>>> print(open('entry39.tsv').read())   # TSV, C-alpha atoms
chain	number	residue	atom	x	y	z
E	1	MET	CA	80.79	82.66	106.41
E	2	SER	CA	80.13	85.49	104.05
E	3	ALA	CA	81.69	88.86	103.45
E	4	ALA	CA	85.35	89.49	104.23
E	5	GLN	CA	85.85	89.77	107.98
E	6	PRO	CA	88.14	92.26	109.69
E	7	VAL	CA	91.37	90.98	111.23
E	8	THR	CA	93.46	92.67	113.92
E	9	ALA	CA	96.87	92.27	115.54
E	10	ALA	CA	95.20	90.12	118.18
E	11	THR	CA	93.60	87.72	115.70
E	12	PHE	CA	96.17	87.80	112.87
E	13	ASP	CA	98.14	84.78	114.05
E	14	GLU	CA	95.11	82.55	114.51
E	15	VAL	CA	93.07	83.69	111.51
E	16	VAL	CA	95.81	84.24	108.93
E	17	LEU	CA	99.10	82.58	109.81
E	18	LYS	CA	97.63	79.38	111.23
E	19	SER	CA	94.93	78.95	108.57
E	20	SER	CA	94.80	75.60	106.82
E	21	ILE	CA	93.53	77.22	103.60
E	22	PRO	CA	95.06	80.20	101.73
E	23	VAL	CA	94.19	83.60	103.18
E	24	LEU	CA	93.86	86.83	101.23
E	25	VAL	CA	94.52	89.85	103.45
E	26	ASP	CA	93.19	93.14	102.10
E	27	PHE	CA	95.22	96.03	103.51
E	28	TRP	CA	92.89	99.04	103.33
E	29	ALA	CA	91.94	102.34	104.94
E	30	GLU	CA	88.77	104.43	105.16
E	31	TRP	CA	90.20	107.38	103.26
E	32	CYS	CA	91.39	105.24	100.35
E	33	GLY	CA	88.93	105.44	97.44
E	34	PRO	CA	90.21	102.49	95.43
E	35	CYS	CA	90.18	100.40	98.67
E	36	ARG	CA	86.49	101.15	99.14
E	37	ALA	CA	85.87	100.36	95.49
E	38	VAL	CA	87.49	96.93	95.67
E	39	GLY	CA	85.87	96.06	99.03
E	40	PRO	CA	82.56	94.78	97.61
E	41	ILE	CA	84.43	92.76	94.99
E	42	LEU	CA	86.42	91.03	97.73
E	43	ASP	CA	83.22	90.38	99.66
E	44	GLN	CA	81.83	88.60	96.61
E	45	ILE	CA	85.00	86.55	96.22
E	46	SER	CA	84.85	85.69	99.91
E	47	GLU	CA	81.35	84.29	99.48
E	48	GLU	CA	81.83	82.58	96.15
E	49	TYR	CA	85.07	80.83	97.10
E	50	ALA	CA	84.33	80.14	100.77
E	51	GLY	CA	86.18	77.03	101.87
E	52	LYS	CA	88.83	77.46	99.18
E	53	ILE	CA	90.26	80.81	100.25
E	54	LYS	CA	89.63	83.00	103.28
E	55	VAL	CA	89.32	86.75	102.64
E	56	VAL	CA	89.97	89.16	105.52
E	57	LYS	CA	90.47	92.93	105.80
E	58	LEU	CA	93.15	94.73	107.77
E	59	ASN	CA	92.67	98.45	108.45
E	60	THR	CA	96.13	99.97	108.11
E	61	ASP	CA	95.19	103.02	110.20
E	62	GLU	CA	94.13	100.86	113.13
E	63	GLU	CA	96.70	98.10	112.74
E	64	SER	CA	99.71	100.01	111.48
E	65	ALA	CA	102.24	97.69	113.17
E	66	ILE	CA	101.16	94.76	111.00
E	67	ALA	CA	101.11	96.95	107.89
E	68	ILE	CA	104.66	98.06	108.65
E	69	LYS	CA	105.72	94.47	109.40
E	70	TYR	CA	104.65	93.40	105.92
E	71	GLY	CA	106.17	96.45	104.25
E	72	ILE	CA	102.88	97.90	103.01
E	73	VAL	CA	103.52	101.28	101.34
E	74	SER	CA	100.58	101.48	99.01
E	75	ILE	CA	96.94	100.55	99.42
E	76	PRO	CA	95.03	98.57	98.51
E	77	THR	CA	97.61	95.81	98.74
E	78	LEU	CA	96.41	92.23	98.79
E	79	ASN	CA	98.73	89.64	100.33
E	80	ILE	CA	98.05	85.95	99.94
E	81	TYR	CA	99.26	83.81	102.85
E	82	VAL	CA	99.82	80.08	102.61
E	83	ASN	CA	101.09	78.31	105.74
E	84	GLY	CA	101.93	81.61	107.36
E	85	GLU	CA	104.03	82.96	104.48
E	86	VAL	CA	103.25	85.64	101.89
E	87	VAL	CA	103.26	83.80	98.57
E	88	LYS	CA	101.77	86.52	96.39
E	89	THR	CA	101.18	90.26	96.50
E	90	VAL	CA	98.74	92.21	94.34
E	91	VAL	CA	99.00	95.99	94.52
E	92	GLY	CA	96.20	98.31	93.48
E	93	ALA	CA	92.48	97.95	92.89
E	94	LYS	CA	91.63	95.60	90.05
E	95	PRO	CA	88.29	94.59	88.51
E	96	LYS	CA	86.88	91.23	89.54
E	97	PRO	CA	87.93	89.26	86.42
E	98	ALA	CA	91.52	90.47	86.84
E	99	LEU	CA	91.54	89.60	90.56
E	100	LEU	CA	90.23	86.11	89.89
E	101	LYS	CA	93.06	85.63	87.42
E	102	GLU	CA	95.57	86.62	90.09
E	103	LEU	CA	93.98	84.19	92.55
E	104	ALA	CA	93.61	81.35	90.05
E	105	ALA	CA	96.32	79.21	91.65
E	106	PHE	CA	94.60	79.43	95.05
E	107	ILE	CA	90.95	78.92	94.16
Y	1	MET	CA	69.29	92.55	77.97
Y	2	SER	CA	67.36	92.20	74.71
Y	3	GLU	CA	65.92	95.70	74.64
Y	4	ILE	CA	67.71	98.31	72.56
Y	5	LEU	CA	68.74	101.28	74.65
Y	6	ASP	CA	68.88	104.86	73.42
Y	7	VAL	CA	72.22	105.71	74.95
Y	8	VAL	CA	74.94	104.01	76.96
Y	9	ILE	CA	77.59	106.15	78.64
Y	10	VAL	CA	80.93	104.43	79.08
Y	11	GLY	CA	82.86	106.07	81.90
Y	12	SER	CA	82.05	108.45	84.71
Y	13	GLY	CA	83.84	111.47	86.14
Y	14	PRO	CA	82.61	114.98	85.38
Y	15	ALA	CA	82.24	114.15	81.68
Y	16	GLY	CA	80.28	110.92	82.05
Y	17	TYR	CA	78.04	112.05	84.92
Y	18	THR	CA	77.22	115.39	83.25
Y	19	ALA	CA	76.38	113.60	79.99
Y	20	ALA	CA	74.06	111.40	82.05
Y	21	ILE	CA	72.33	114.37	83.69
Y	22	TYR	CA	71.51	115.88	80.31
Y	23	ALA	CA	70.61	112.57	78.67
Y	24	ALA	CA	68.34	111.64	81.56
Y	25	ARG	CA	66.59	115.03	81.48
Y	26	ALA	CA	66.09	114.53	77.74
Y	27	GLU	CA	64.25	111.34	78.74
Y	28	LEU	CA	66.69	109.06	76.97
Y	29	ALA	CA	66.88	106.72	80.01
Y	30	PRO	CA	70.68	106.53	79.90
Y	31	VAL	CA	72.63	103.58	81.23
Y	32	LEU	CA	76.02	104.56	82.65
Y	33	TYR	CA	78.96	102.25	83.35
Y	34	GLU	CA	81.07	104.05	85.91
Y	35	GLY	CA	83.88	101.49	86.27
Y	36	SER	CA	84.20	98.71	88.87
Y	37	VAL	CA	87.27	100.24	90.55
Y	38	THR	CA	87.62	103.54	88.71
Y	39	ALA	CA	84.16	105.02	89.37
Y	40	GLY	CA	84.35	108.78	89.69
Y	41	GLY	CA	87.49	109.12	87.62
Y	42	ALA	CA	90.59	111.19	88.28
Y	43	LEU	CA	89.04	113.50	90.86
Y	44	MET	CA	88.58	110.59	93.27
Y	45	ASN	CA	92.32	110.83	93.89
Y	46	THR	CA	92.47	114.52	94.71
Y	47	THR	CA	91.65	116.32	97.90
Y	48	GLU	CA	90.48	119.91	97.53
Y	49	VAL	CA	89.26	121.13	94.17
Y	50	GLU	CA	89.47	124.92	94.32
Y	51	ASN	CA	88.88	125.85	90.71
Y	52	PHE	CA	85.58	124.13	89.85
Y	53	PRO	CA	83.13	127.02	89.43
Y	54	GLY	CA	80.33	127.26	91.99
Y	55	PHE	CA	82.35	126.34	95.08
Y	56	PRO	CA	83.81	129.49	96.65
Y	57	ASP	CA	85.25	127.48	99.53
Y	58	GLY	CA	86.45	124.62	97.34
Y	59	VAL	CA	85.11	121.08	97.33
Y	60	MET	CA	86.70	117.67	97.92
Y	61	GLY	CA	87.13	115.73	94.68
Y	62	PRO	CA	85.26	112.62	95.86
Y	63	ASP	CA	82.43	114.79	97.26
Y	64	LEU	CA	82.04	116.61	93.95
Y	65	MET	CA	81.82	113.29	92.12
Y	66	ASP	CA	79.32	111.99	94.66
Y	67	SER	CA	77.13	115.05	94.05
Y	68	LEU	CA	77.29	114.64	90.27
Y	69	ARG	CA	76.45	110.97	90.64
Y	70	LYS	CA	73.43	111.71	92.81
Y	71	GLN	CA	72.34	114.36	90.34
Y	72	CYS	CA	72.34	112.01	87.38
Y	73	GLU	CA	70.53	109.34	89.43
Y	74	ARG	CA	67.90	111.89	90.39
Y	75	PHE	CA	66.81	112.20	86.78
Y	76	GLY	CA	66.72	108.47	86.17
Y	77	THR	CA	70.18	107.37	85.03
Y	78	LYS	CA	70.79	103.66	85.59
Y	79	ILE	CA	74.32	103.31	86.94
Y	80	PHE	CA	76.36	100.10	86.91
Y	81	THR	CA	79.54	99.99	88.98
Y	82	ASP	CA	81.15	97.81	86.38
Y	83	ASP	CA	83.37	98.05	83.31
Y	84	ILE	CA	82.65	97.83	79.63
Y	85	VAL	CA	85.20	95.32	78.42
Y	86	ALA	CA	84.35	95.13	74.72
Y	87	MET	CA	82.49	97.26	72.22
Y	88	ASP	CA	81.36	96.83	68.64
Y	89	LEU	CA	80.52	100.35	67.53
Y	90	SER	CA	80.42	99.76	63.79
Y	91	GLY	CA	76.79	98.90	63.24
Y	92	GLU	CA	73.65	100.96	63.58
Y	93	ILE	CA	73.03	99.17	66.85
Y	94	LYS	CA	76.10	99.27	69.03
Y	95	VAL	CA	76.88	96.15	71.03
Y	96	LEU	CA	78.74	96.36	74.33
Y	97	THR	CA	79.86	93.69	76.80
Y	98	ASP	CA	80.34	94.40	80.49
Y	99	GLY	CA	82.70	92.89	83.07
Y	100	SER	CA	80.00	90.54	84.34
Y	101	GLY	CA	79.41	89.07	80.89
Y	102	ASN	CA	76.20	90.93	80.05
Y	103	THR	CA	75.57	92.24	76.53
Y	104	LEU	CA	73.96	95.59	75.86
Y	105	LYS	CA	72.55	96.99	72.66
Y	106	SER	CA	72.24	100.71	72.10
Y	107	LYS	CA	71.47	103.17	69.32
Y	108	SER	CA	74.14	105.54	70.59
Y	109	VAL	CA	77.20	105.49	72.85
Y	110	ILE	CA	78.92	108.29	74.71
Y	111	LEU	CA	82.58	107.54	75.45
Y	112	ALA	CA	83.92	109.17	78.61
Y	113	THR	CA	86.67	106.81	79.73
Y	114	GLY	CA	89.12	109.54	80.63
Y	115	SER	CA	92.83	109.03	81.03
Y	116	ALA	CA	95.41	107.01	82.93
Y	117	TYR	CA	98.66	108.13	84.51
Y	118	LYS	CA	101.66	108.31	82.22
Y	119	GLU	CA	104.62	106.22	83.29
Y	120	ILE	CA	108.21	107.29	82.77
Y	121	GLY	CA	108.66	103.95	81.01
Y	122	LEU	CA	111.42	102.37	83.06
Y	123	ALA	CA	111.41	98.65	83.83
Y	124	ASN	CA	112.21	99.22	87.48
Y	125	GLU	CA	109.50	101.83	87.70
Y	126	LYS	CA	107.00	99.12	86.82
Y	127	ARG	CA	108.66	96.50	88.98
Y	128	LEU	CA	108.59	98.71	92.07
Y	129	SER	CA	105.10	100.05	91.47
Y	130	GLY	CA	103.32	99.91	94.83
Y	131	ARG	CA	106.66	99.42	96.56
Y	132	GLY	CA	107.75	102.99	96.61
Y	133	VAL	CA	106.76	104.01	93.09
Y	134	SER	CA	103.34	105.64	92.99
Y	135	TRP	CA	101.21	107.87	90.80
Y	136	CYS	CA	98.86	108.97	93.53
Y	137	ALA	CA	99.96	111.11	96.46
Y	138	THR	CA	96.62	111.01	98.23
Y	139	CYS	CA	96.61	107.23	97.96
Y	140	ASP	CA	100.11	106.44	99.15
Y	141	GLY	CA	101.69	109.56	100.69
Y	142	PHE	CA	100.51	108.44	104.11
Y	143	PHE	CA	103.04	105.61	104.17
Y	144	PHE	CA	106.05	107.85	103.78
Y	145	ARG	CA	106.02	109.83	107.02
Y	146	GLU	CA	109.36	111.52	107.68
Y	147	LYS	CA	110.77	110.03	104.47
Y	148	VAL	CA	112.52	111.69	101.53
Y	149	ILE	CA	110.29	111.67	98.46
Y	150	ALA	CA	110.97	112.48	94.81
Y	151	VAL	CA	108.23	113.84	92.56
Y	152	VAL	CA	108.78	113.86	88.80
Y	153	GLY	CA	106.87	116.40	86.72
Y	154	GLY	CA	106.41	120.11	86.05
Y	155	GLY	CA	102.68	120.69	85.75
Y	156	ASP	CA	99.85	121.33	88.18
Y	157	SER	CA	99.58	117.66	89.10
Y	158	ALA	CA	103.24	117.55	90.09
Y	159	MET	CA	102.91	120.73	92.18
Y	160	GLU	CA	99.76	119.42	93.84
Y	161	GLU	CA	101.32	116.03	94.58
Y	162	ALA	CA	104.50	117.59	95.93
Y	163	THR	CA	102.62	120.04	98.14
Y	164	PHE	CA	100.30	117.34	99.44
Y	165	LEU	CA	103.24	115.06	100.22
Y	166	THR	CA	104.83	117.67	102.49
Y	167	ARG	CA	102.12	116.74	105.00
Y	168	PHE	CA	103.99	113.51	105.54
Y	169	ALA	CA	107.50	113.70	104.07
Y	170	SER	CA	110.53	115.17	105.76
Y	171	LYS	CA	111.59	116.47	102.34
Y	172	VAL	CA	110.16	116.50	98.83
Y	173	TYR	CA	112.32	116.95	95.75
Y	174	VAL	CA	110.62	117.95	92.51
Y	175	ILE	CA	112.63	116.64	89.59
Y	176	HIS	CA	111.90	118.36	86.29
Y	177	ARG	CA	113.62	118.08	82.94
Y	178	ARG	CA	113.48	121.81	82.22
Y	179	ASP	CA	114.30	124.89	84.27
Y	180	SER	CA	110.79	126.27	84.32
Y	181	LEU	CA	107.43	124.79	85.31
Y	182	ARG	CA	104.28	124.71	83.21
Y	183	ALA	CA	102.06	124.64	86.29
Y	184	SER	CA	99.67	127.50	87.13
Y	185	LYS	CA	101.26	130.45	88.89
Y	186	ILE	CA	99.45	129.92	92.16
Y	187	MET	CA	100.56	126.29	92.34
Y	188	ILE	CA	104.15	127.19	91.52
Y	189	GLU	CA	104.17	129.84	94.22
Y	190	ARG	CA	102.79	127.45	96.80
Y	191	ALA	CA	105.40	124.83	95.98
Y	192	MET	CA	108.28	127.29	95.89
Y	193	SER	CA	107.39	128.87	99.20
Y	194	ASN	CA	107.07	125.48	100.88
Y	195	PRO	CA	110.20	124.94	102.99
Y	196	LYS	CA	109.99	121.17	102.57
Y	197	ILE	CA	110.11	121.32	98.76
Y	198	GLU	CA	113.30	121.62	96.76
Y	199	PHE	CA	113.66	121.63	92.99
Y	200	ILE	CA	116.12	119.64	90.92
Y	201	TRP	CA	116.08	121.28	87.48
Y	202	ASN	CA	117.10	120.10	84.02
Y	203	THR	CA	117.16	116.52	85.25
Y	204	GLU	CA	115.51	113.29	84.26
Y	205	VAL	CA	115.12	110.00	86.10
Y	206	ILE	CA	116.84	107.23	84.19
Y	207	ASP	CA	116.44	104.38	86.66
Y	208	VAL	CA	114.73	103.47	89.91
Y	209	LEU	CA	116.97	101.72	92.44
Y	210	GLY	CA	116.09	99.20	95.09
Y	211	ALA	CA	115.69	95.46	95.47
Y	212	ASP	CA	112.18	95.03	96.85
Y	213	LYS	CA	111.42	98.66	97.55
Y	214	VAL	CA	112.62	102.02	96.29
Y	215	SER	CA	115.95	103.07	97.80
Y	216	GLY	CA	117.03	105.71	95.32
Y	217	LEU	CA	117.07	107.06	91.79
Y	218	LYS	CA	119.59	107.32	89.00
Y	219	LEU	CA	119.45	110.81	87.52
Y	220	ARG	CA	120.84	112.48	84.43
Y	221	ASN	CA	121.47	116.19	84.17
Y	222	LEU	CA	120.22	117.16	80.73
Y	223	LEU	CA	122.59	120.10	80.39
Y	224	THR	CA	125.82	118.35	81.37
Y	225	SER	CA	124.85	114.71	80.62
Y	226	GLU	CA	126.25	113.90	84.05
Y	227	GLU	CA	124.70	110.88	85.73
Y	228	SER	CA	124.32	110.54	89.48
Y	229	GLU	CA	122.64	108.39	92.09
Y	230	ARG	CA	120.66	109.77	94.98
Y	231	ASP	CA	118.83	108.19	97.89
Y	232	PHE	CA	115.04	108.47	98.00
Y	233	ASP	CA	112.39	106.49	99.86
Y	234	ALA	CA	109.71	106.98	97.23
Y	235	LEU	CA	109.08	108.20	93.69
Y	236	PHE	CA	105.79	109.84	92.75
Y	237	VAL	CA	105.33	110.18	89.01
Y	238	ALA	CA	103.24	113.15	87.86
Y	239	ILE	CA	104.19	113.64	84.23
Y	240	GLY	CA	100.79	113.69	82.64
Y	241	HIS	CA	98.13	111.35	81.31
Y	242	LEU	CA	97.30	109.13	78.38
Y	243	PRO	CA	93.77	108.65	77.05
Y	244	ARG	CA	92.03	105.34	77.86
Y	245	SER	CA	91.23	104.41	74.30
Y	246	GLU	CA	92.55	100.83	74.13
Y	247	LEU	CA	89.12	99.37	73.39
Y	248	LEU	CA	88.56	101.78	70.50
Y	249	ILE	CA	91.58	100.94	68.38
Y	250	GLY	CA	90.52	99.95	64.91
Y	251	GLN	CA	86.98	101.26	65.16
Y	252	ILE	CA	87.19	104.87	66.29
Y	253	ASP	CA	89.62	107.36	64.77
Y	254	LEU	CA	92.36	108.25	67.24
Y	255	ASP	CA	95.20	110.72	66.92
Y	256	GLY	CA	98.89	109.89	67.25
Y	257	GLU	CA	98.72	109.84	71.04
Y	258	GLY	CA	95.54	107.82	71.31
Y	259	TYR	CA	93.09	110.67	71.90
Y	260	VAL	CA	89.70	110.26	70.20
Y	261	LYS	CA	89.25	112.54	67.19
Y	262	VAL	CA	86.03	114.52	67.11
Y	263	ASP	CA	84.40	116.59	64.38
Y	264	GLY	CA	85.26	120.25	64.92
Y	265	SER	CA	83.90	121.52	68.19
Y	266	SER	CA	81.29	118.77	68.42
Y	267	THR	CA	81.66	115.46	70.23
Y	268	ARG	CA	80.96	113.39	67.11
Y	269	THR	CA	83.46	110.64	66.33
Y	270	ASN	CA	83.94	109.02	62.93
Y	271	GLN	CA	81.24	106.48	63.80
Y	272	LYS	CA	77.62	107.56	63.52
Y	273	GLY	CA	75.96	107.49	66.90
Y	274	VAL	CA	79.23	107.46	68.84
Y	275	PHE	CA	80.24	110.56	70.80
Y	276	ALA	CA	83.31	111.24	72.92
Y	277	CYS	CA	84.02	113.72	75.70
Y	278	GLY	CA	86.32	114.60	78.59
Y	279	ASP	CA	89.99	113.66	78.94
Y	280	LEU	CA	89.53	110.91	76.35
Y	281	VAL	CA	89.38	113.69	73.76
Y	282	ASP	CA	90.97	116.72	75.35
Y	283	HIS	CA	94.73	117.22	75.03
Y	284	THR	CA	94.71	120.82	75.83
Y	285	TYR	CA	92.60	121.85	78.79
Y	286	ARG	CA	91.82	118.69	80.82
Y	287	GLN	CA	89.97	120.40	83.61
Y	288	ALA	CA	86.98	119.06	85.53
Y	289	ILE	CA	84.86	121.94	84.25
Y	290	THR	CA	85.86	121.48	80.60
Y	291	ALA	CA	85.18	117.75	80.93
Y	292	ALA	CA	81.75	118.49	82.41
Y	293	GLY	CA	81.05	120.94	79.60
Y	294	SER	CA	81.97	118.41	76.94
Y	295	GLY	CA	79.84	115.76	78.66
Y	296	CYS	CA	76.87	118.09	78.28
Y	297	GLN	CA	77.72	118.60	74.61
Y	298	ALA	CA	77.94	114.85	74.05
Y	299	ALA	CA	74.46	114.32	75.52
Y	300	LEU	CA	73.02	117.09	73.35
Y	301	ASP	CA	74.77	115.71	70.26
Y	302	ALA	CA	73.41	112.24	71.08
Y	303	GLU	CA	69.91	113.63	71.61
Y	304	ARG	CA	69.94	115.38	68.25
Y	305	PHE	CA	71.27	112.27	66.57
Y	306	LEU	CA	68.51	110.12	68.08
Y	307	ALA	CA	65.82	112.65	67.15
Y	308	GLY	CA	66.94	112.52	63.54
Y	309	HIS	CA	66.55	108.75	63.32
>>> encode(input="entry39.tsv", output="structure tokens")
Amino acid sequence: MSAAQPVTAATFDEVVLKSSIPVLVDFWAEWCGPCRAVGPILDQISEEYAGKIKVVKLNTDEESAIAIKYGIVSIPTLNIYVNGEVVKTVVGAKPKPALLKELAAFI
Amino acid sequence: MSEILDVVIVGSGPAGYTAAIYAARAELAPVLYEGSVTAGGALMNTTEVENFPGFPDGVMGPDLMDSLRKQCERFGTKIFTDDIVAMDLSGEIKVLTDGSGNTLKSKSVILATGSAYKEIGLANEKRLSGRGVSWCATCDGFFFREKVIAVVGGGDSAMEEATFLTRFASKVYVIHRRDSLRASKIMIERAMSNPKIEFIWNTEVIDVLGADKVSGLKLRNLLTSEESERDFDALFVAIGHLPRSELLIGQIDLDGEGYVKVDGSSTRTNQKGVFACGDLVDHTYRQAITAAGSGCQAALDAERFLAGH
């Protein structure tokens, strides 16, 4: 229970859609600078708010079907899932204080 | 931190990192705040940089920034991957607050916060940002394979974005409000000879269409005033930049567009001990090499200032 864990097509249903707590899915890719910049921030949030919100990462290069399913056309995009539905979307890399503001309702 | 530093550099990129190299070699033990998500500046969002002197085969923007970063660390710069969120630059000792809540005190500050993308200014442009509206081709172009993309702008950035996007798009339309481009000749030639790029001249974008993603644009021909609607899958805006000077309003003299005013050809601002460099200051040239040059000047100006106190 620490840094954000990767999620794949195989585990998405179990880990994200069936989660009893809100899940933040970070859609990212290796070649995306801002994605790499926000990664460590999400790892911190994952640790600090463990139990309140689950933070996972989805590599859009490797799992493009899921990225297409959720209409991702810009990365990083953060989707927050509650009971299997996307309830909030945050597009673009933001500093930690700004991200915490966006997640306030869920943490 | 209760110690008083000699110099804090706010911002990275070629200006900030070069200032740090010189300040560190002058044994000023600089502290540099590179930005929590913006570290490396504008060049992090480009691919090949062909015009930075010293690289006959070109260099990737992020690699160039990585090298500059390593170079300033080599001489002892302390780098924080965080933001400065508040500054009081009025006193002899400048007080800065970072994104983690820490306070820093410093005898001098070098401002190198660069610039942000200019938006057209349409409500729907903002609403659909990240859903088909983008300012960064290298970031988002990947998601528009075989799609029809519009690029707004007439400078080098627009030509670069448009050319890059042809790697993915089926067609790229460059929409420009005049009938000639201000881009460099080589970039114009590349764009014009690219079979996937077409130009729509004397036209401006007056609205972005689409419910939860971009489906088209409303255009106005500036010669005939005729309005039309056209289908597009994405809009990439490349119309220029605005200086990141929001934190300086009221304490540092800015010009009408928000650029920091400096004394003649120096990097001195109106506040003693505060120096500014790079795209935060430069309206005119805005190149990586001119930013690096001004970063060097800022460090030398700061060094002379500190020696005189």
>>> interface_residues(input="entry39.tsv", of="chain E", to="chain Y", cutoff="10 Å", atoms="all atoms listed in the file", output="count of residues only")
33
>>> residues_around(input="entry39.tsv", residues="Ser19 in chain E", least_positions_apart="6", cutoff="9 Å", atoms="only C-alpha atoms", output="PyMOL selection string")
chain E and resi 13+54+81-84
>>> write_last_selection(input="entry39.tsv", atoms="C-alpha atoms", output="PDB file, in the coordinates of the input")
ATOM      1  CA  ASP E  13      98.140  84.780 114.050  1.00  0.00           C
ATOM      2  CA  LYS E  54      89.630  83.000 103.280  1.00  0.00           C
ATOM      3  CA  TYR E  81      99.260  83.810 102.850  1.00  0.00           C
ATOM      4  CA  VAL E  82      99.820  80.080 102.610  1.00  0.00           C
ATOM      5  CA  ASN E  83     101.090  78.310 105.740  1.00  0.00           C
ATOM      6  CA  GLY E  84     101.930  81.610 107.360  1.00  0.00           C
TER       7      GLY E  84
END
>>> residues_around(input="entry39.tsv", residues="Leu24 in chain E", least_positions_apart="2", cutoff="8 Å", atoms="only C-alpha atoms", output="PyMOL selection string")
chain E and resi 22+26+53-56+78-81
>>> write_last_selection(input="entry39.tsv", atoms="C-alpha atoms", output="PDB file, in the coordinates of the input")
ATOM      1  CA  PRO E  22      95.060  80.200 101.730  1.00  0.00           C
ATOM      2  CA  ASP E  26      93.190  93.140 102.100  1.00  0.00           C
ATOM      3  CA  ILE E  53      90.260  80.810 100.250  1.00  0.00           C
ATOM      4  CA  LYS E  54      89.630  83.000 103.280  1.00  0.00           C
ATOM      5  CA  VAL E  55      89.320  86.750 102.640  1.00  0.00           C
ATOM      6  CA  VAL E  56      89.970  89.160 105.520  1.00  0.00           C
ATOM      7  CA  LEU E  78      96.410  92.230  98.790  1.00  0.00           C
ATOM      8  CA  ASN E  79      98.730  89.640 100.330  1.00  0.00           C
ATOM      9  CA  ILE E  80      98.050  85.950  99.940  1.00  0.00           C
ATOM     10  CA  TYR E  81      99.260  83.810 102.850  1.00  0.00           C
TER      11      TYR E  81
END
>>> atom_distance(input="entry39.tsv", atom1="CA of Ile66 in chain E", atom2="CA of Ala10 in chain E")
10.4 Å
>>> closest_residue(input="entry39.tsv", among="E:Lys52, E:Leu99, E:Pro6, E:Ala105", to="Phe27 in chain E", atoms="all atoms listed in the file")
E:Pro6
>>> residues_near_point(input="entry39.tsv", point="(111.1, 113.4, 97.1)", cutoff="10 Å", atoms="all atoms listed in the file", output="list in words")
Lys147, Val148, Ile149, Ala150, Val151, Val152, Ala162, Leu165, Thr166, Ala169, Ser170, Lys171, Val172, Tyr173, Val174, Ile175, Lys196, Ile197, Glu198, Phe199, Gly216, Asp231, Phe232, Asp233, Ala234, Leu235 and Phe236 of chain Y
>>> closest_residue(input="entry39.tsv", among="Y:Val237, Y:Leu64, Y:Ala20, Y:Cys72", to="Leu122 in chain Y", atoms="only C-alpha atoms")
Y:Val237
>>> atom_distance(input="entry39.tsv", atom1="CA of Asp207 in chain Y", atom2="CA of Leu128 in chain Y")
11.1 Å
>>> decode(input="entry39.tsv", residues="range 25-57 of chain E", atoms="C-alpha atoms", output="short mmCIF file (atom, residue, chain, number, x, y, z; two decimals), in the first residue's frame")
data_model
loop_
_atom_site.label_atom_id
_atom_site.label_comp_id
_atom_site.auth_asym_id
_atom_site.auth_seq_id
_atom_site.Cartn_x
_atom_site.Cartn_y
_atom_site.Cartn_z
CA VAL E 25 -6.83 6.62 -12.59
CA ASP E 26 -3.81 8.43 -14.02
CA PHE E 27 -3.75 8.02 -17.80
CA TRP E 28 -0.09 8.49 -18.77
CA ALA E 29 2.63 7.50 -21.23
CA GLU E 30 6.41 7.24 -21.11
CA TRP E 31 7.00 9.94 -23.70
CA CYS E 32 4.78 12.47 -21.93
CA GLY E 33 6.89 14.92 -19.90
CA PRO E 34 4.11 16.41 -17.79
CA CYS E 35 2.91 12.83 -17.02
CA ARG E 36 6.32 11.95 -15.64
CA ALA E 37 6.36 15.20 -13.68
CA VAL E 38 3.03 14.53 -11.99
CA GLY E 39 3.82 10.85 -11.30
CA PRO E 40 5.73 11.40 -8.04
CA ILE E 41 3.04 13.78 -6.82
CA LEU E 42 0.40 11.09 -7.35
CA ASP E 43 2.60 8.57 -5.56
CA GLN E 44 2.67 10.90 -2.55
CA ILE E 45 -1.09 11.33 -2.65
CA SER E 46 -1.49 7.57 -2.90
CA GLU E 47 0.52 7.11 0.30
CA GLU E 48 -0.88 10.03 2.25
CA TYR E 49 -4.53 9.24 1.52
CA ALA E 50 -4.34 5.45 1.48
CA GLY E 51 -7.67 4.00 2.54
CA LYS E 52 -9.56 7.11 1.42
CA ILE E 53 -8.73 7.04 -2.27
CA LYS E 54 -6.93 4.50 -4.44
CA VAL E 55 -4.47 5.89 -7.01
CA VAL E 56 -3.57 3.75 -10.03
CA LYS E 57 -1.75 4.38 -13.32
#
